[in-house]
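Q: Here it is, the structure, as structure tokens.
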Amino acid sequence: MTIWVTYLSPAGTTRQVAEIIAREAEQKGQSVKLQDLAGREAEGGQISEKLSPGDVLFVGSPVYAGQPVPPVMEFLSGLPDAPGSLAVPFVTYGGVNGGRALYDMAKSMEAKNLQILGGIKVLAVHSLLWQSDDPVANGHPDADDTAKIQEFVRVILDKKEAEEPTTLSPEALDYKNEMAGNPAEESRLEGLKSNLLPLELDTDACTQCGICVDCCPTANIALSPYPEFGDQCILCFSCLRLCEENAVSSKAIAMFESLVRERKEFFKEPEETQFFV
């Protein structure tokens, strides 16, 4: 049996969690396969063709606007039916709004006849605040978060080994914030695009180095000869964050910090790593 750990991680923290999961499983004697969904070549078929009964599929996503990112949901929707296989969604969120991301992923897994063993949301520094001196959830995931992730993996592996593993319904992973009435539908990714896009390019500053092309997790940018932006942007802003010439910008970049902190006050979600088994 194989432990598959698949993820998308534009800012690097979901990758960090995926690697913790993989290391913990390997230390427990499991055969582990790690797959990054970013880039032009990543396809769900690499796993879907090999997923066998008894295998465990961990799938990870950052939470953007209260939901998993589209490439992760596309990967899940592209899986074939996998009766007898087990699944575990995991997400990283920036201390503002975890939304219903685990639930959304679990529903898609359930539709493929995967049995859900549990789920975890991990606190991570807010990816939009890379320019801030004091970003929300600064320093996370930290040692305590790592310990919780490791404990979670141990519980999941123990459940996997049971003669009849105890499974969860997607509803058990719906950690919506009751204090804020869960206005998650007001936070969907597509709704934010009109406020944060289009991206702008300063051709005088751009050196056509291609860093923005290489870092885009959805292959949304092409050089021709300057960067051209397609319609698959997921608002990770890796192209802004990693451009050494500051040639890429958003009309809303000056508002990022105030927007994030206003949303944090609105949702009032506790900053914590939490797992469900």
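Order determines the names: the first chain of the structure tokens is A, the second B, and so forth; residues in each chain are numbered 1 upward, and ligands are numbered 1 upward as they are shown.
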If you run DSSP on the backbone here, which positions in segment 95-221 of chain A get alpha helix (DSSP H)? Please write them as a ChimeraX atom specification.
A: /A:101-111,143-161,189-196,211-215
Q: Excluding same-chain residues fewer than 2 positions from Leu242 of chain A, what lies within 12 Å of it counting only C-alpha atoms, as a ChimeraX atom specification?
A: /A:10-11,130-131,209-216,236-240,244-249
Q: Could the residues in this selection be written to a file with C-alpha atoms, as a PDB file, in the first residue's frame?
A:
```
ATOM      1  CA  PRO A  10       2.318  28.769  -4.554  1.00  0.00           C
ATOM      2  CA  ALA A  11       3.790  30.335  -1.391  1.00  0.00           C
ATOM      3  CA  TRP A 130       4.923  39.183   2.229  1.00  0.00           C
ATOM      4  CA  GLN A 131       5.711  42.927   2.359  1.00  0.00           C
ATOM      5  CA  CYS A 209      13.963  37.015 -17.131  1.00  0.00           C
ATOM      6  CA  GLY A 210      11.060  34.538 -17.020  1.00  0.00           C
ATOM      7  CA  ILE A 211      10.892  34.174 -13.231  1.00  0.00           C
ATOM      8  CA  CYS A 212       7.175  34.990 -13.310  1.00  0.00           C
ATOM      9  CA  VAL A 213       6.621  32.283 -15.941  1.00  0.00           C
ATOM     10  CA  ASP A 214       8.516  29.681 -13.939  1.00  0.00           C
ATOM     11  CA  CYS A 215       6.819  30.431 -10.601  1.00  0.00           C
ATOM     12  CA  CYS A 216       3.224  30.539 -11.863  1.00  0.00           C
ATOM     13  CA  CYS A 236      -1.446  33.667  -5.506  1.00  0.00           C
ATOM     14  CA  PHE A 237       0.591  36.724  -6.610  1.00  0.00           C
ATOM     15  CA  SER A 238       3.794  34.710  -6.800  1.00  0.00           C
ATOM     16  CA  CYS A 239       4.703  36.781  -9.869  1.00  0.00           C
ATOM     17  CA  LEU A 240       4.540  39.980  -7.777  1.00  0.00           C
ATOM     18  CA  GLU A 244      13.210  41.015  -8.537  1.00  0.00           C
ATOM     19  CA  GLU A 245      12.558  44.132 -10.624  1.00  0.00           C
ATOM     20  CA  ASN A 246       9.085  44.855  -9.159  1.00  0.00           C
ATOM     21  CA  ALA A 247       7.853  44.942 -12.735  1.00  0.00           C
ATOM     22  CA  VAL A 248       4.570  43.142 -11.992  1.00  0.00           C
ATOM     23  CA  SER A 249       1.932  44.866  -9.882  1.00  0.00           C
TER      24      SER A 249
END
```
Q: For segment 54-62 of chain A, list every protein, DNA or RNA residue within 6 Å, evaluated using only C-alpha atoms, and leave out those in the same chain fewer than 3 positions away; present the list as a VMD selection string.
A: chain A and resid 1 to 8 68 84 to 92
Q: I need the residues from that last selection saved to file as a PDB file, in the first residue's frame (with C-alpha atoms), if you can.
A:
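Below is the file part_9.pdb, written as the result:
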```
ATOM      1  CA  MET A   1       0.000   0.000   0.000  1.00  0.00           C
ATOM      2  CA  THR A   2       1.129   3.503  -0.819  1.00  0.00           C
ATOM      3  CA  ILE A   3       0.698   6.889   0.864  1.00  0.00           C
ATOM      4  CA  TRP A   4       0.214   9.499  -1.869  1.00  0.00           C
ATOM      5  CA  VAL A   5       0.786  13.154  -0.894  1.00  0.00           C
ATOM      6  CA  THR A   6      -0.376  15.556  -3.607  1.00  0.00           C
ATOM      7  CA  TYR A   7      -0.443  19.314  -3.197  1.00  0.00           C
ATOM      8  CA  LEU A   8      -0.318  22.778  -4.744  1.00  0.00           C
ATOM      9  CA  PRO A  68      -9.410  25.307  -2.139  1.00  0.00           C
ATOM     10  CA  GLY A  84     -11.471   0.826  -1.335  1.00  0.00           C
ATOM     11  CA  SER A  85      -8.999   3.708  -1.391  1.00  0.00           C
ATOM     12  CA  LEU A  86      -8.749   6.182   1.480  1.00  0.00           C
ATOM     13  CA  ALA A  87      -8.388   9.956   1.392  1.00  0.00           C
ATOM     14  CA  VAL A  88      -7.297  12.836   3.610  1.00  0.00           C
ATOM     15  CA  PRO A  89      -7.671  16.512   2.654  1.00  0.00           C
ATOM     16  CA  PHE A  90      -5.332  19.055   4.227  1.00  0.00           C
ATOM     17  CA  VAL A  91      -5.209  22.833   3.868  1.00  0.00           C
ATOM     18  CA  THR A  92      -3.133  25.798   4.959  1.00  0.00           C
TER      19      THR A  92
END
```
Q: Enumerate the residues of segment 47-119 of chain A with a DSSP assignment of strand (DSSP E or B), computed from the backbone, and present them as a list in words.
A: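 Strand (DSSP E or B) members of segment 47-119 of chain A, listed: Val56, Leu57, Phe58, Val59, Gly60, Ser61, Pro62, Val63, Tyr64, Gln67, Pro68, Leu86, Ala87, Val88, Pro89, Phe90, Val91, Thr92, Tyr93, Gln115, Ile116 and Gly119 of chain A.
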Q: Write the residues of the selection above to a file with N, CA and C atoms, as a compact mmCIF listing (two decimals), in the first residue's frame.
A:
```
# COMPACT_ATOMS: atom_id res chain seq x y z
N VAL A 56 -3.67 5.41 0.65
CA VAL A 56 -4.19 6.64 1.26
C VAL A 56 -3.72 7.82 0.43
N LEU A 57 -4.67 8.65 -0.01
CA LEU A 57 -4.37 9.82 -0.81
C LEU A 57 -4.56 11.08 0.03
N PHE A 58 -3.45 11.70 0.42
CA PHE A 58 -3.48 13.02 1.04
C PHE A 58 -3.47 14.07 -0.07
N VAL A 59 -4.38 15.05 0.00
CA VAL A 59 -4.40 16.11 -0.99
C VAL A 59 -4.40 17.45 -0.26
N GLY A 60 -3.46 18.35 -0.63
CA GLY A 60 -3.31 19.60 0.08
C GLY A 60 -3.50 20.82 -0.80
N SER A 61 -4.08 21.86 -0.20
CA SER A 61 -4.33 23.11 -0.91
C SER A 61 -4.20 24.28 0.06
N PRO A 62 -3.70 25.42 -0.41
CA PRO A 62 -3.90 26.64 0.37
C PRO A 62 -5.36 27.05 0.29
N VAL A 63 -5.82 27.82 1.26
CA VAL A 63 -7.17 28.34 1.23
C VAL A 63 -7.12 29.77 0.70
N TYR A 64 -7.77 30.00 -0.43
CA TYR A 64 -7.88 31.34 -0.99
C TYR A 64 -9.36 31.72 -0.99
N GLN A 67 -11.79 28.95 0.08
CA GLN A 67 -11.98 27.73 -0.69
C GLN A 67 -10.64 27.16 -1.16
N PRO A 68 -10.63 25.87 -1.56
CA PRO A 68 -9.41 25.31 -2.14
C PRO A 68 -9.14 25.97 -3.49
N LEU A 86 -8.48 5.27 0.37
CA LEU A 86 -8.75 6.18 1.48
C LEU A 86 -8.21 7.57 1.14
N ALA A 87 -8.78 8.60 1.75
CA ALA A 87 -8.39 9.96 1.39
C ALA A 87 -8.36 10.87 2.61
N VAL A 88 -7.47 11.87 2.53
CA VAL A 88 -7.30 12.84 3.61
C VAL A 88 -7.04 14.21 3.00
N PRO A 89 -7.97 15.15 3.10
CA PRO A 89 -7.67 16.51 2.65
C PRO A 89 -6.90 17.28 3.72
N PHE A 90 -5.99 18.15 3.29
CA PHE A 90 -5.33 19.06 4.23
C PHE A 90 -5.19 20.42 3.57
N VAL A 91 -5.28 21.47 4.38
CA VAL A 91 -5.21 22.83 3.87
C VAL A 91 -4.33 23.69 4.77
N THR A 92 -3.78 24.74 4.20
CA THR A 92 -3.13 25.80 4.96
C THR A 92 -3.97 27.06 4.80
N TYR A 93 -4.12 27.80 5.88
CA TYR A 93 -4.89 29.05 5.81
C TYR A 93 -4.16 30.12 6.60
N GLN A 115 -12.88 6.90 0.72
CA GLN A 115 -13.32 6.93 2.10
C GLN A 115 -12.46 7.94 2.88
N ILE A 116 -13.10 8.89 3.55
CA ILE A 116 -12.40 9.97 4.22
C ILE A 116 -11.97 9.52 5.63
N GLY A 119 -9.15 15.07 8.31
CA GLY A 119 -8.70 16.26 7.61
C GLY A 119 -8.02 17.20 8.60
```
